[in-house]
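Below is entry02.txt, which holds compact mmCIF, C-alpha atoms.
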# COMPACT_ATOMS: atom_id res chain seq x y z
CA MET A 61 0.00 0.00 0.00
CA GLU A 62 1.58 3.28 -1.13
CA LYS A 63 0.61 5.63 1.71
CA LYS A 64 1.67 8.82 0.04
CA SER A 65 -0.70 8.23 -2.84
CA ILE A 66 -3.88 8.43 -0.73
CA PRO A 67 -5.12 12.01 -0.39
CA ASP A 68 -5.42 13.18 3.22
CA ILE A 69 -9.05 14.13 2.60
CA VAL A 70 -9.82 10.48 1.85
CA VAL A 71 -7.95 9.38 4.98
CA GLY A 72 -10.07 11.87 6.91
CA ARG A 73 -13.29 10.16 5.86
CA LEU A 74 -12.23 6.65 6.91
CA PRO A 75 -12.77 7.26 10.65
CA LEU A 76 -16.32 8.44 9.85
CA TYR A 77 -16.99 5.25 7.92
CA LEU A 78 -15.57 3.18 10.77
CA ARG A 79 -17.66 4.98 13.40
CA SER A 80 -20.84 4.49 11.39
CA ILE A 81 -20.36 0.78 10.77
CA GLN A 82 -19.32 0.19 14.39
CA ARG A 83 -22.61 1.76 15.34
CA MET A 84 -24.45 -0.52 12.90
CA ALA A 85 -22.67 -3.50 14.50
CA GLN A 86 -23.88 -2.32 17.92
CA GLU A 87 -27.39 -2.25 16.48
CA GLY A 88 -26.94 -5.93 15.60
CA ARG A 89 -26.55 -5.36 11.87
CA LYS A 90 -24.45 -7.71 9.71
CA VAL A 91 -24.42 -6.18 6.23
CA THR A 92 -24.55 -2.64 4.85
CA SER A 93 -24.20 -0.88 1.51
CA SER A 94 -22.46 2.21 0.25
CA GLN A 95 -25.96 3.67 -0.26
CA GLU A 96 -26.97 3.20 3.37
CA LEU A 97 -23.62 4.39 4.69
CA GLY A 98 -23.86 7.42 2.41
CA GLU A 99 -27.30 8.31 3.71
CA ARG A 100 -26.11 8.09 7.30
CA LEU A 101 -23.11 10.30 6.60
CA GLY A 102 -24.41 12.70 3.98
CA ILE A 103 -21.73 11.49 1.55
CA SER A 104 -22.53 10.03 -1.88
CA ALA A 105 -22.44 6.25 -2.28
CA ALA A 106 -20.09 6.69 -5.25
CA GLN A 107 -17.63 8.66 -3.09
CA ILE A 108 -17.64 5.95 -0.43
CA ARG A 109 -17.06 3.19 -2.98
CA LYS A 110 -14.25 5.19 -4.56
CA ASP A 111 -12.62 5.93 -1.18
CA LEU A 112 -12.74 2.30 -0.04
CA SER A 113 -11.55 0.97 -3.40
CA GLN A 114 -8.26 2.79 -2.85
CA PHE A 115 -7.50 0.30 -0.07
CA GLY A 116 -8.77 -2.94 -1.59
CA GLU A 117 -11.93 -4.89 -2.33
CA PHE A 118 -14.22 -4.80 0.69
CA GLY A 119 -17.59 -5.71 -0.81
CA LYS A 120 -19.21 -7.33 -3.81
CA GLN A 121 -21.48 -5.63 -6.30
CA GLY A 122 -25.05 -6.35 -5.21
CA THR A 123 -24.29 -7.96 -1.86
CA GLY A 124 -22.86 -4.97 -0.03
CA TYR A 125 -20.30 -4.93 2.78
CA GLN A 126 -19.96 -7.48 5.60
CA ILE A 127 -19.92 -5.12 8.58
CA ASN A 128 -17.55 -7.09 10.82
CA TYR A 129 -15.09 -7.61 7.99
CA LEU A 130 -15.15 -3.94 7.06
CA ILE A 131 -14.65 -2.94 10.72
CA ASN A 132 -11.58 -5.18 10.90
CA GLN A 133 -10.14 -3.87 7.65
CA LEU A 134 -10.71 -0.19 8.42
CA SER A 135 -9.29 -0.70 11.93
CA LYS A 136 -6.12 -2.17 10.40
CA ILE A 137 -5.82 0.63 7.85
CA LEU A 138 -6.22 3.29 10.55
CA HIS A 139 -3.88 1.36 12.91
CA VAL A 140 -6.55 1.10 15.57
CA ASP A 141 -6.44 -2.69 15.56
CA ARG A 142 -4.31 -2.02 18.66
CA ILE A 143 -4.66 0.28 21.71
CA TRP A 144 -2.72 3.55 21.74
CA ASP A 145 -1.87 5.05 25.11
CA ILE A 146 -2.61 8.76 25.38
CA ALA A 147 -0.94 11.37 27.57
CA ILE A 148 -3.01 14.43 28.42
CA VAL A 149 -1.30 17.68 29.36
CA GLY A 150 -3.49 20.07 31.31
CA ALA A 151 -5.76 19.03 34.17
CA GLY A 152 -8.28 21.85 33.82
CA ASP A 153 -11.91 21.51 32.72
CA VAL A 154 -11.04 20.20 29.26
CA GLY A 155 -8.44 17.74 30.59
CA ASN A 156 -10.97 16.60 33.17
CA ALA A 157 -13.62 15.97 30.49
CA VAL A 158 -11.18 14.08 28.27
CA VAL A 159 -9.76 11.96 31.09
CA ARG A 160 -13.27 10.81 31.97
CA TYR A 161 -14.45 10.46 28.36
CA GLN A 162 -16.03 7.08 27.66
CA GLY A 163 -15.95 7.44 23.89
CA PHE A 164 -12.50 5.92 23.28
CA ALA A 165 -13.52 2.34 24.10
CA ASN A 166 -13.29 0.06 21.05
CA ARG A 167 -11.86 2.90 19.02
CA GLY A 168 -8.17 2.24 19.57
CA PHE A 169 -7.27 4.56 22.44
CA ARG A 170 -7.01 4.73 26.20
CA ILE A 171 -5.88 7.54 28.45
CA SER A 172 -2.74 6.52 30.30
CA MET A 173 -1.49 9.64 32.10
CA ILE A 174 -2.36 13.28 32.79
CA PHE A 175 -0.01 16.14 33.64
CA ASP A 176 -0.32 19.63 35.07
CA ASN A 177 2.16 22.25 36.29
CA ASP A 178 -0.09 23.58 39.06
CA PRO A 179 1.18 22.43 42.50
CA ALA A 180 -2.43 22.47 43.71
CA LYS A 181 -3.34 19.84 41.11
CA ILE A 182 -0.22 17.66 41.02
CA GLY A 183 -0.78 14.51 43.06
CA THR A 184 -4.58 14.86 43.15
CA GLN A 185 -6.98 12.32 41.68
CA MET A 186 -8.62 13.04 38.34
CA GLY A 187 -10.81 10.28 36.95
CA ASP A 188 -8.77 7.09 37.33
CA PHE A 189 -5.45 8.92 37.44
CA ILE A 190 -3.14 10.84 39.76
CA VAL A 191 -2.16 14.14 38.13
CA ARG A 192 1.56 14.06 37.32
CA ASN A 193 4.00 16.94 37.35
CA THR A 194 4.66 18.43 33.91
CA ALA A 195 8.30 18.77 35.01
CA ASN A 196 8.55 14.97 34.62
CA LEU A 197 6.66 14.87 31.32
CA ILE A 198 9.53 13.99 29.01
CA GLU A 199 10.87 11.28 31.29
CA ASP A 200 7.44 9.73 31.99
CA ILE A 201 6.33 9.70 28.36
CA ARG A 202 9.61 8.24 27.14
CA GLU A 203 9.53 5.55 29.80
CA GLN A 204 6.08 4.35 28.74
CA ASN A 205 6.78 4.92 25.03
CA VAL A 206 3.62 7.01 24.55
CA LYS A 207 3.24 8.27 20.98
CA VAL A 208 -0.11 10.10 21.18
CA ALA A 209 -0.92 13.13 23.33
CA MET A 210 -3.55 15.77 23.89
CA ILE A 211 -2.76 19.36 24.78
CA ALA A 212 -5.37 20.94 27.05
CA VAL A 213 -3.45 23.93 28.42
CA PRO A 214 -4.01 27.67 27.88
CA ALA A 215 -2.99 29.12 24.51
CA ASN A 216 0.15 30.78 25.82
CA GLN A 217 1.54 27.45 27.10
CA GLY A 218 0.57 25.37 24.07
CA GLN A 219 3.76 25.63 22.01
CA LYS A 220 6.04 25.00 24.98
CA VAL A 221 4.10 21.84 25.85
CA ALA A 222 4.15 20.71 22.21
CA ASP A 223 7.93 21.12 22.14
CA GLN A 224 8.27 18.96 25.25
CA LEU A 225 5.95 16.28 23.86
CA ILE A 226 7.92 16.13 20.63
CA LYS A 227 11.17 15.87 22.56
CA ALA A 228 9.61 12.95 24.46
CA GLY A 229 8.90 11.14 21.20
CA VAL A 230 5.20 11.93 20.70
CA LYS A 231 4.19 11.71 17.02
CA ALA A 232 0.50 12.64 17.10
CA ILE A 233 -0.95 15.61 19.00
CA LEU A 234 -4.59 16.51 19.44
CA ASN A 235 -4.45 20.17 20.38
CA TYR A 236 -7.29 21.79 22.36
CA ALA A 237 -5.29 24.98 22.95
CA PRO A 238 -6.63 27.66 20.58
CA ILE A 239 -3.36 28.23 18.72
CA SER A 240 -1.59 26.82 15.67
CA LEU A 241 1.47 24.76 16.59
CA TYR A 242 4.85 24.56 14.91
CA VAL A 243 5.88 20.91 14.63
CA PRO A 244 8.42 18.92 12.59
CA ALA A 245 7.25 17.13 9.43
CA ASP A 246 7.08 13.72 11.13
CA VAL A 247 4.67 14.90 13.83
CA TYR A 248 0.92 15.07 13.14
CA VAL A 249 -1.39 17.62 14.71
CA GLN A 250 -5.16 17.86 14.75
CA TYR A 251 -7.06 20.73 16.33
CA ILE A 252 -10.22 20.98 18.40
CA ASP A 253 -11.39 24.54 18.92
CA PRO A 254 -15.14 24.93 19.33
CA ALA A 255 -15.09 28.63 18.39
CA ILE A 256 -13.51 27.75 15.03
CA HIS A 257 -16.28 25.24 14.31
CA LEU A 258 -18.96 27.70 15.39
CA GLN A 259 -17.61 30.54 13.23
CA ARG A 260 -17.59 28.24 10.25
CA MET A 261 -21.36 27.90 10.73
CA THR A 262 -22.28 31.48 11.65
CA TYR A 263 -20.82 32.53 8.29
CA TYR A 264 -23.93 30.95 6.78
CA LEU A 265 -26.39 32.44 9.30
CA ASP A 266 -27.97 35.87 8.96
CA MET B 137 -21.39 39.18 -1.87
CA GLU B 138 -22.57 35.97 -3.54
CA LYS B 139 -22.32 33.48 -0.67
CA LYS B 140 -22.88 30.38 -2.72
CA SER B 141 -19.85 31.10 -4.85
CA ILE B 142 -17.33 30.76 -2.01
CA PRO B 143 -16.21 27.15 -1.50
CA ASP B 144 -16.86 25.82 2.00
CA ILE B 145 -13.19 24.88 2.33
CA VAL B 146 -12.27 28.57 1.96
CA VAL B 147 -14.89 29.53 4.54
CA GLY B 148 -13.36 26.93 6.85
CA ARG B 149 -9.98 28.67 6.74
CA LEU B 150 -11.31 32.13 7.64
CA PRO B 151 -11.75 31.35 11.37
CA LEU B 152 -8.12 30.20 11.47
CA TYR B 153 -6.98 33.48 9.92
CA LEU B 154 -9.11 35.41 12.40
CA ARG B 155 -7.77 33.49 15.40
CA SER B 156 -4.17 34.05 14.31
CA ILE B 157 -4.51 37.78 13.76
CA GLN B 158 -6.46 38.20 17.01
CA ARG B 159 -3.53 36.57 18.73
CA MET B 160 -1.14 38.96 16.96
CA ALA B 161 -3.28 41.86 18.17
CA GLN B 162 -3.00 40.53 21.74
CA GLU B 163 0.76 40.53 21.26
CA GLY B 164 0.54 44.23 20.46
CA ARG B 165 1.13 43.84 16.74
CA LYS B 166 -0.35 46.29 14.21
CA VAL B 167 0.56 44.91 10.78
CA THR B 168 1.07 41.46 9.32
CA SER B 169 1.62 39.85 5.93
CA SER B 170 0.30 36.81 4.13
CA GLN B 171 3.82 35.37 4.49
CA GLU B 172 3.83 35.65 8.27
CA LEU B 173 0.25 34.42 8.59
CA GLY B 174 1.11 31.51 6.34
CA GLU B 175 4.10 30.52 8.45
CA ARG B 176 1.99 30.61 11.62
CA LEU B 177 -0.70 28.45 10.05
CA GLY B 178 1.26 26.16 7.75
CA ILE B 179 -0.69 27.50 4.76
CA SER B 180 0.98 29.10 1.72
CA ALA B 181 0.98 32.89 1.48
CA ALA B 182 -0.51 32.59 -2.01
CA GLN B 183 -3.43 30.56 -0.68
CA ILE B 184 -4.14 33.13 2.01
CA ARG B 185 -4.05 36.03 -0.46
CA LYS B 186 -6.34 34.11 -2.82
CA ASP B 187 -8.80 33.23 -0.03
CA LEU B 188 -8.99 36.79 1.28
CA SER B 189 -9.28 38.29 -2.23
CA GLN B 190 -12.59 36.47 -2.64
CA PHE B 191 -14.07 38.82 -0.03
CA GLY B 192 -12.47 42.13 -1.02
CA GLU B 193 -9.25 44.09 -0.80
CA PHE B 194 -7.82 43.84 2.70
CA GLY B 195 -4.20 44.78 2.19
CA LYS B 196 -1.85 46.55 -0.15
CA GLN B 197 1.02 44.96 -2.04
CA GLY B 198 4.16 45.61 -0.05
CA THR B 199 2.54 47.08 3.06
CA GLY B 200 0.69 43.99 4.30
CA TYR B 201 -2.51 43.86 6.33
CA GLN B 202 -3.59 46.26 9.05
CA ILE B 203 -4.40 43.77 11.82
CA ASN B 204 -7.28 45.65 13.44
CA TYR B 205 -8.91 46.34 10.10
CA LEU B 206 -8.59 42.70 9.04
CA ILE B 207 -10.03 41.54 12.39
CA ASN B 208 -13.05 43.79 11.86
CA GLN B 209 -13.58 42.64 8.30
CA LEU B 210 -13.21 38.91 9.01
CA SER B 211 -15.50 39.28 12.04
CA LYS B 212 -18.17 40.83 9.82
CA ILE B 213 -17.78 38.16 7.15
CA LEU B 214 -18.08 35.37 9.73
CA HIS B 215 -20.97 37.19 11.48
CA VAL B 216 -19.09 37.31 14.76
CA ASP B 217 -19.22 41.11 14.91
CA ARG B 218 -22.09 40.31 17.32
CA ILE B 219 -22.54 37.86 20.23
CA TRP B 220 -24.39 34.60 19.58
CA ASP B 221 -26.10 32.95 22.54
CA ILE B 222 -25.42 29.23 22.81
CA ALA B 223 -27.60 26.54 24.36
CA ILE B 224 -25.80 23.41 25.59
CA VAL B 225 -27.69 20.14 25.88
CA GLY B 226 -26.07 17.64 28.22
CA ALA B 227 -24.65 18.53 31.63
CA GLY B 228 -22.09 15.71 31.82
CA ASP B 229 -18.32 16.09 31.73
CA VAL B 230 -18.25 17.58 28.23
CA GLY B 231 -21.13 19.97 28.94
CA ASN B 232 -19.38 20.99 32.15
CA ALA B 233 -16.11 21.72 30.29
CA VAL B 234 -17.89 23.73 27.61
CA VAL B 235 -20.02 25.73 30.04
CA ARG B 236 -16.86 26.82 31.88
CA TYR B 237 -14.79 27.31 28.72
CA GLN B 238 -13.11 30.72 28.63
CA GLY B 239 -12.18 30.55 24.95
CA PHE B 240 -15.35 32.11 23.52
CA ALA B 241 -14.60 35.64 24.74
CA ASN B 242 -14.03 38.06 21.85
CA ARG B 243 -14.85 35.33 19.38
CA GLY B 244 -18.58 35.98 18.98
CA PHE B 245 -20.18 33.54 21.40
CA ARG B 246 -21.42 33.20 24.95
CA ILE B 247 -23.09 30.28 26.69
CA SER B 248 -26.62 31.24 27.71
CA MET B 249 -28.24 28.04 28.96
CA ILE B 250 -27.57 24.37 29.68
CA PHE B 251 -30.06 21.49 29.74
CA ASP B 252 -30.12 17.92 31.03
CA ASN B 253 -32.82 15.28 31.43
CA ASP B 254 -31.38 13.80 34.64
CA PRO B 255 -33.51 14.79 37.67
CA ALA B 256 -30.33 14.69 39.79
CA LYS B 257 -28.79 17.42 37.64
CA ILE B 258 -31.78 19.62 36.84
CA GLY B 259 -31.80 22.68 39.09
CA THR B 260 -28.17 22.30 40.15
CA GLN B 261 -25.48 24.89 39.50
CA MET B 262 -23.00 24.31 36.66
CA GLY B 263 -20.55 27.12 36.03
CA ASP B 264 -22.65 30.31 36.02
CA PHE B 265 -25.86 28.49 35.17
CA ILE B 266 -28.68 26.49 36.70
CA VAL B 267 -29.18 23.27 34.72
CA ARG B 268 -32.56 23.41 32.98
CA ASN B 269 -34.91 20.53 32.23
CA THR B 270 -34.63 19.21 28.68
CA ALA B 271 -38.42 18.85 28.75
CA ASN B 272 -38.59 22.66 28.47
CA LEU B 273 -35.90 22.91 25.80
CA ILE B 274 -38.06 23.91 22.85
CA GLU B 275 -39.96 26.53 24.84
CA ASP B 276 -36.84 28.02 26.49
CA ILE B 277 -34.83 28.20 23.29
CA ARG B 278 -37.69 29.74 21.31
CA GLU B 279 -38.31 32.30 24.03
CA GLN B 280 -34.71 33.53 23.97
CA ASN B 281 -34.42 33.12 20.20
CA VAL B 282 -31.23 31.06 20.46
CA LYS B 283 -29.92 29.96 17.06
CA VAL B 284 -26.72 28.10 18.03
CA ALA B 285 -26.50 24.97 20.18
CA MET B 286 -24.09 22.29 21.29
CA ILE B 287 -25.06 18.66 21.77
CA ALA B 288 -23.12 16.96 24.56
CA VAL B 289 -25.32 13.92 25.24
CA PRO B 290 -24.61 10.20 24.70
CA ALA B 291 -24.69 8.93 21.11
CA ASN B 292 -28.06 7.23 21.46
CA GLN B 293 -29.76 10.50 22.48
CA GLY B 294 -28.04 12.72 19.92
CA GLN B 295 -30.57 12.58 17.07
CA LYS B 296 -33.56 13.08 19.37
CA VAL B 297 -31.94 16.17 20.88
CA ALA B 298 -31.03 17.47 17.41
CA ASP B 299 -34.67 17.10 16.32
CA GLN B 300 -35.82 19.12 19.33
CA LEU B 301 -33.23 21.84 18.75
CA ILE B 302 -34.28 22.15 15.11
CA LYS B 303 -37.94 22.35 16.13
CA ALA B 304 -36.95 25.14 18.51
CA GLY B 305 -35.42 27.13 15.64
CA VAL B 306 -31.71 26.34 16.09
CA LYS B 307 -29.77 26.72 12.83
CA ALA B 308 -26.22 25.76 13.83
CA ILE B 309 -25.30 22.70 15.90
CA LEU B 310 -21.89 21.77 17.24
CA ASN B 311 -22.25 18.06 17.93
CA TYR B 312 -20.02 16.35 20.51
CA ALA B 313 -22.09 13.14 20.40
CA PRO B 314 -20.17 10.56 18.35
CA ILE B 315 -22.82 10.09 15.66
CA SER B 316 -23.72 11.66 12.34
CA LEU B 317 -26.94 13.69 12.51
CA TYR B 318 -29.76 13.98 10.00
CA VAL B 319 -30.72 17.66 9.65
CA PRO B 320 -32.64 19.77 7.10
CA ALA B 321 -30.69 21.68 4.46
CA ASP B 322 -31.00 25.02 6.28
CA VAL B 323 -29.37 23.69 9.48
CA TYR B 324 -25.57 23.52 9.79
CA VAL B 325 -23.74 20.90 11.80
CA GLN B 326 -20.11 20.63 12.82
CA TYR B 327 -18.67 17.67 14.69
CA ILE B 328 -16.16 17.31 17.50
CA ASP B 329 -15.16 13.71 18.16
CA PRO B 330 -11.63 13.29 19.53
CA ALA B 331 -11.42 9.64 18.43
CA ILE B 332 -12.07 10.68 14.81
CA HIS B 333 -9.23 13.21 14.97
CA LEU B 334 -6.89 10.68 16.60
CA GLN B 335 -7.61 7.96 14.03
CA ARG B 336 -6.88 10.40 11.26
CA MET B 337 -3.36 10.68 12.73
CA THR B 338 -2.71 7.05 13.68
CA TYR B 339 -3.22 6.18 10.02
CA TYR B 340 0.16 7.81 9.45
CA LEU B 341 1.89 6.20 12.45
CA ASP B 342 3.51 2.75 12.39
Just give me the structure of the file as C-alpha cells.
Amino acid sequence: MEKKSIPDIVVGRLPLYLRSIQRMAQEGRKVTSSQELGERLGISAAQIRKDLSQFGEFGKQGTGYQINYLINQLSKILHVDRIWDIAIVGAGDVGNAVVRYQGFANRGFRISMIFDNDPAKIGTQMGDFIVRNTANLIEDIREQNVKVAMIAVPANQGQKVADQLIKAGVKAILNYAPISLYVPADVYVQYIDPAIHLQRMTYYLD
Amino acid sequence: MEKKSIPDIVVGRLPLYLRSIQRMAQEGRKVTSSQELGERLGISAAQIRKDLSQFGEFGKQGTGYQINYLINQLSKILHVDRIWDIAIVGAGDVGNAVVRYQGFANRGFRISMIFDNDPAKIGTQMGDFIVRNTANLIEDIREQNVKVAMIAVPANQGQKVADQLIKAGVKAILNYAPISLYVPADVYVQYIDPAIHLQRMTYYLD
C-alpha cells in the first residue's frame, strides 16, 4: 500500500466510515451498503465506494459490505487494531472531560497519564489517574513509550508543551489549545477549537 | 457578496486566519503579511491572499494587512461582529467543560443556557448556570431566540436532541455526540469527536 498516494481528505473520511459501521454492528446489523452508509453520513455512495476501493476490495457488487469484515479492515488501515496510550497535558476543565471520556472504548485509544504544572493539582486524583508533574513529562512519556498526546493547556503554554511532547517522542498531538502549533514534518497535529467550528457555521447564518 | 460562490473549504480557513490575527493583536502587533500568517498556520501565502481576495481588498502589495482592520472585516464576514447565545444540551463532563470554557470571549459567542434530562442534575449549578430541564428545551430556546447549540449527550440521544433543537429554531449545531446527525438543508452541523481526529493521525503512524 503506497501511503503517500492516498489524499489526506480520503484518509479523513475513513474514521467516519468506521464509526458508522461500528454503530451498525452495535445495532446488531451484519451487512450494509455504500448507499446506506452514504445516507447516514451525507456522503454520496459513489464517493464511499471510490474511497474504499483505494485500499482494496471490501464488498461485492449487489451484496454490499460485511460489517464485521469492514470494521476489521478499516481498523487495520487506521492502525486502531491495537490500543494507543494517550498522555493528556493540562488538568483543567477540558483535561478533566477528556480523562473521563467514555468514547474511546473500542476505538483504539485509552488515556494513560495526565499532567499539570499547578502544584495544587499535582498529586490529586482526576478520573482514574493521579495528576503528574509536567516537570517529569519527558521522562514519563519516554519511559512508557507514549506516541499520542492531547494538549489541554491555555494558549500561551501550548507551544512549549508541544515542544516537550515532541522531545519525548510523541508523534500525534490533538491540540485543544486555541493556537496553531509549529511541529516537525514527522509529527501530526489535529485541532479541536469549538469557536472555530462555530464561526464556520455562523458565516452561513444571517 | 454571492455566498454560494465561495467554497466551503475557503470559509473553513477564515476562522483560522481570524484566530491568528487576534492573537497577533493581543501581542501588540499592528501589521502582518500573508507570508507571516502563512508561516503561523502552515498555509501558503498565495493561498491566504487568494482566499482573502474572494471577499475584497484587505491589504496593499508591499505594506501587508492592518491587523485591526482585518479583524473587523473577518469578524463581519463570519458574522461574529455580534454575540451569539449558545444553548448546551447535556450537563455531563463535556457539557461541564464547555459551560466553563473561557475561549469564547471576543470570538462571537457566549453560553446562555444548559439542559439535562437527569432529575439529579436539573436545578443544580453548573458554572454560572442552573441546569434546565430538557423537557422545556423547545420553549426556552424559542423564548430567547437562540440559534446556536451544542449537543453533549450520549450517542443514542443525539438525534432526538437534534430534532428538538431544530424544532426550537436552532440553525447551527456543534455536535459532541459521536454520531452523524440527520438535519434539514438550512441547518448547519459541525462535529467534535476526539477519536475521529486521533484515528486520522494514527493512520500515518507505524
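Nearest to Pro330 of chain B of all the residues A:Gly152, A:Gly163, A:Pro67, A:Gly119 is A:Gly163, counting all atoms listed in the file.
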Provide as a PDB file with C-alpha atoms, keeping the file's coordinate frame the residues of chain B at most 8 Å from chain A, counting all atoms listed in the file.
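The resulting file, part_28.pdb, is shown below:
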ATOM      1  CA  VAL B 147     -14.890  29.530   4.540  1.00  0.00           C
ATOM      2  CA  GLY B 148     -13.360  26.930   6.850  1.00  0.00           C
ATOM      3  CA  LEU B 150     -11.310  32.130   7.640  1.00  0.00           C
ATOM      4  CA  PRO B 151     -11.750  31.350  11.370  1.00  0.00           C
ATOM      5  CA  LEU B 152      -8.120  30.200  11.470  1.00  0.00           C
ATOM      6  CA  ARG B 155      -7.770  33.490  15.400  1.00  0.00           C
ATOM      7  CA  SER B 156      -4.170  34.050  14.310  1.00  0.00           C
ATOM      8  CA  ARG B 176       1.990  30.610  11.620  1.00  0.00           C
ATOM      9  CA  LEU B 177      -0.700  28.450  10.050  1.00  0.00           C
ATOM     10  CA  ILE B 213     -17.780  38.160   7.150  1.00  0.00           C
ATOM     11  CA  LEU B 214     -18.080  35.370   9.730  1.00  0.00           C
ATOM     12  CA  HIS B 215     -20.970  37.190  11.480  1.00  0.00           C
ATOM     13  CA  VAL B 216     -19.090  37.310  14.760  1.00  0.00           C
ATOM     14  CA  ASP B 229     -18.320  16.090  31.730  1.00  0.00           C
ATOM     15  CA  VAL B 230     -18.250  17.580  28.230  1.00  0.00           C
ATOM     16  CA  ASN B 232     -19.380  20.990  32.150  1.00  0.00           C
ATOM     17  CA  ALA B 233     -16.110  21.720  30.290  1.00  0.00           C
ATOM     18  CA  VAL B 234     -17.890  23.730  27.610  1.00  0.00           C
ATOM     19  CA  ARG B 236     -16.860  26.820  31.880  1.00  0.00           C
ATOM     20  CA  TYR B 237     -14.790  27.310  28.720  1.00  0.00           C
ATOM     21  CA  GLY B 239     -12.180  30.550  24.950  1.00  0.00           C
ATOM     22  CA  PHE B 240     -15.350  32.110  23.520  1.00  0.00           C
ATOM     23  CA  ARG B 243     -14.850  35.330  19.380  1.00  0.00           C
ATOM     24  CA  GLY B 244     -18.580  35.980  18.980  1.00  0.00           C
ATOM     25  CA  PHE B 245     -20.180  33.540  21.400  1.00  0.00           C
ATOM     26  CA  LYS B 307     -29.770  26.720  12.830  1.00  0.00           C
ATOM     27  CA  ALA B 308     -26.220  25.760  13.830  1.00  0.00           C
ATOM     28  CA  LEU B 310     -21.890  21.770  17.240  1.00  0.00           C
ATOM     29  CA  PRO B 314     -20.170  10.560  18.350  1.00  0.00           C
ATOM     30  CA  ILE B 315     -22.820  10.090  15.660  1.00  0.00           C
ATOM     31  CA  SER B 316     -23.720  11.660  12.340  1.00  0.00           C
ATOM     32  CA  LEU B 317     -26.940  13.690  12.510  1.00  0.00           C
ATOM     33  CA  TYR B 318     -29.760  13.980  10.000  1.00  0.00           C
ATOM     34  CA  TYR B 324     -25.570  23.520   9.790  1.00  0.00           C
ATOM     35  CA  VAL B 325     -23.740  20.900  11.800  1.00  0.00           C
ATOM     36  CA  GLN B 326     -20.110  20.630  12.820  1.00  0.00           C
ATOM     37  CA  TYR B 327     -18.670  17.670  14.690  1.00  0.00           C
ATOM     38  CA  ILE B 328     -16.160  17.310  17.500  1.00  0.00           C
ATOM     39  CA  PRO B 330     -11.630  13.290  19.530  1.00  0.00           C
ATOM     40  CA  ALA B 331     -11.420   9.640  18.430  1.00  0.00           C
ATOM     41  CA  ILE B 332     -12.070  10.680  14.810  1.00  0.00           C
ATOM     42  CA  HIS B 333      -9.230  13.210  14.970  1.00  0.00           C
ATOM     43  CA  LEU B 334      -6.890  10.680  16.600  1.00  0.00           C
ATOM     44  CA  GLN B 335      -7.610   7.960  14.030  1.00  0.00           C
ATOM     45  CA  ARG B 336      -6.880  10.400  11.260  1.00  0.00           C
ATOM     46  CA  MET B 337      -3.360  10.680  12.730  1.00  0.00           C
ATOM     47  CA  THR B 338      -2.710   7.050  13.680  1.00  0.00           C
ATOM     48  CA  TYR B 339      -3.220   6.180  10.020  1.00  0.00           C
ATOM     49  CA  TYR B 340       0.160   7.810   9.450  1.00  0.00           C
ATOM     50  CA  LEU B 341       1.890   6.200  12.450  1.00  0.00           C
ATOM     51  CA  ASP B 342       3.510   2.750  12.390  1.00  0.00           C
TER      52      ASP B 342
END
Suppose you want the space between atom CA of Asn253 of chain B and atom CA of Arg89 of chain A; what is it in Å?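 Interatomic distance, atom CA of Asn253 of chain B to atom CA of Arg89 of chain A: 29.1 Å.
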Give me the residues within 12 Å of Gly116 of chain A as a PDB file with C-alpha atoms, in the frame of the given file, counting only C-alpha atoms and dropping any in the same chain fewer than 5 places off.
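Result went into around.pdb, see below:
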ATOM      1  CA  MET A  61       0.000   0.000   0.000  1.00  0.00           C
ATOM      2  CA  ARG A 109     -17.060   3.190  -2.980  1.00  0.00           C
ATOM      3  CA  LYS A 110     -14.250   5.190  -4.560  1.00  0.00           C
ATOM      4  CA  ASP A 111     -12.620   5.930  -1.180  1.00  0.00           C
ATOM      5  CA  LEU A 130     -15.150  -3.940   7.060  1.00  0.00           C
ATOM      6  CA  GLN A 133     -10.140  -3.870   7.650  1.00  0.00           C
ATOM      7  CA  LEU A 134     -10.710  -0.190   8.420  1.00  0.00           C
ATOM      8  CA  ILE A 137      -5.820   0.630   7.850  1.00  0.00           C
TER       9      ILE A 137
END
Once you count only C-alpha atoms, which residues end up no further than 12 Å from (-19.6, -9.2, 7.8) in the file's frame, shown as a PyMOL selection string? chain A and resi 81-82+84-85+88-93+118-120+123-133
If you count all atoms listed in the file, which residues fall within 12 Å of segment 178-185 of chain A, apart from same-chain ones fewer than 2 positions away, as a ChimeraX atom specification? /A:149-152,155-156,159-160,173-176,187-196,213
Å distance separating atom CA of Ile171 of chain A from atom CA of Ile287 of chain B, one decimal place: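 Distance between the two atoms: 23.2 Å.
Of note, atom CA of Ile198 of chain A and atom CA of Leu225 of chain A are spaced 6.7 Å apart.
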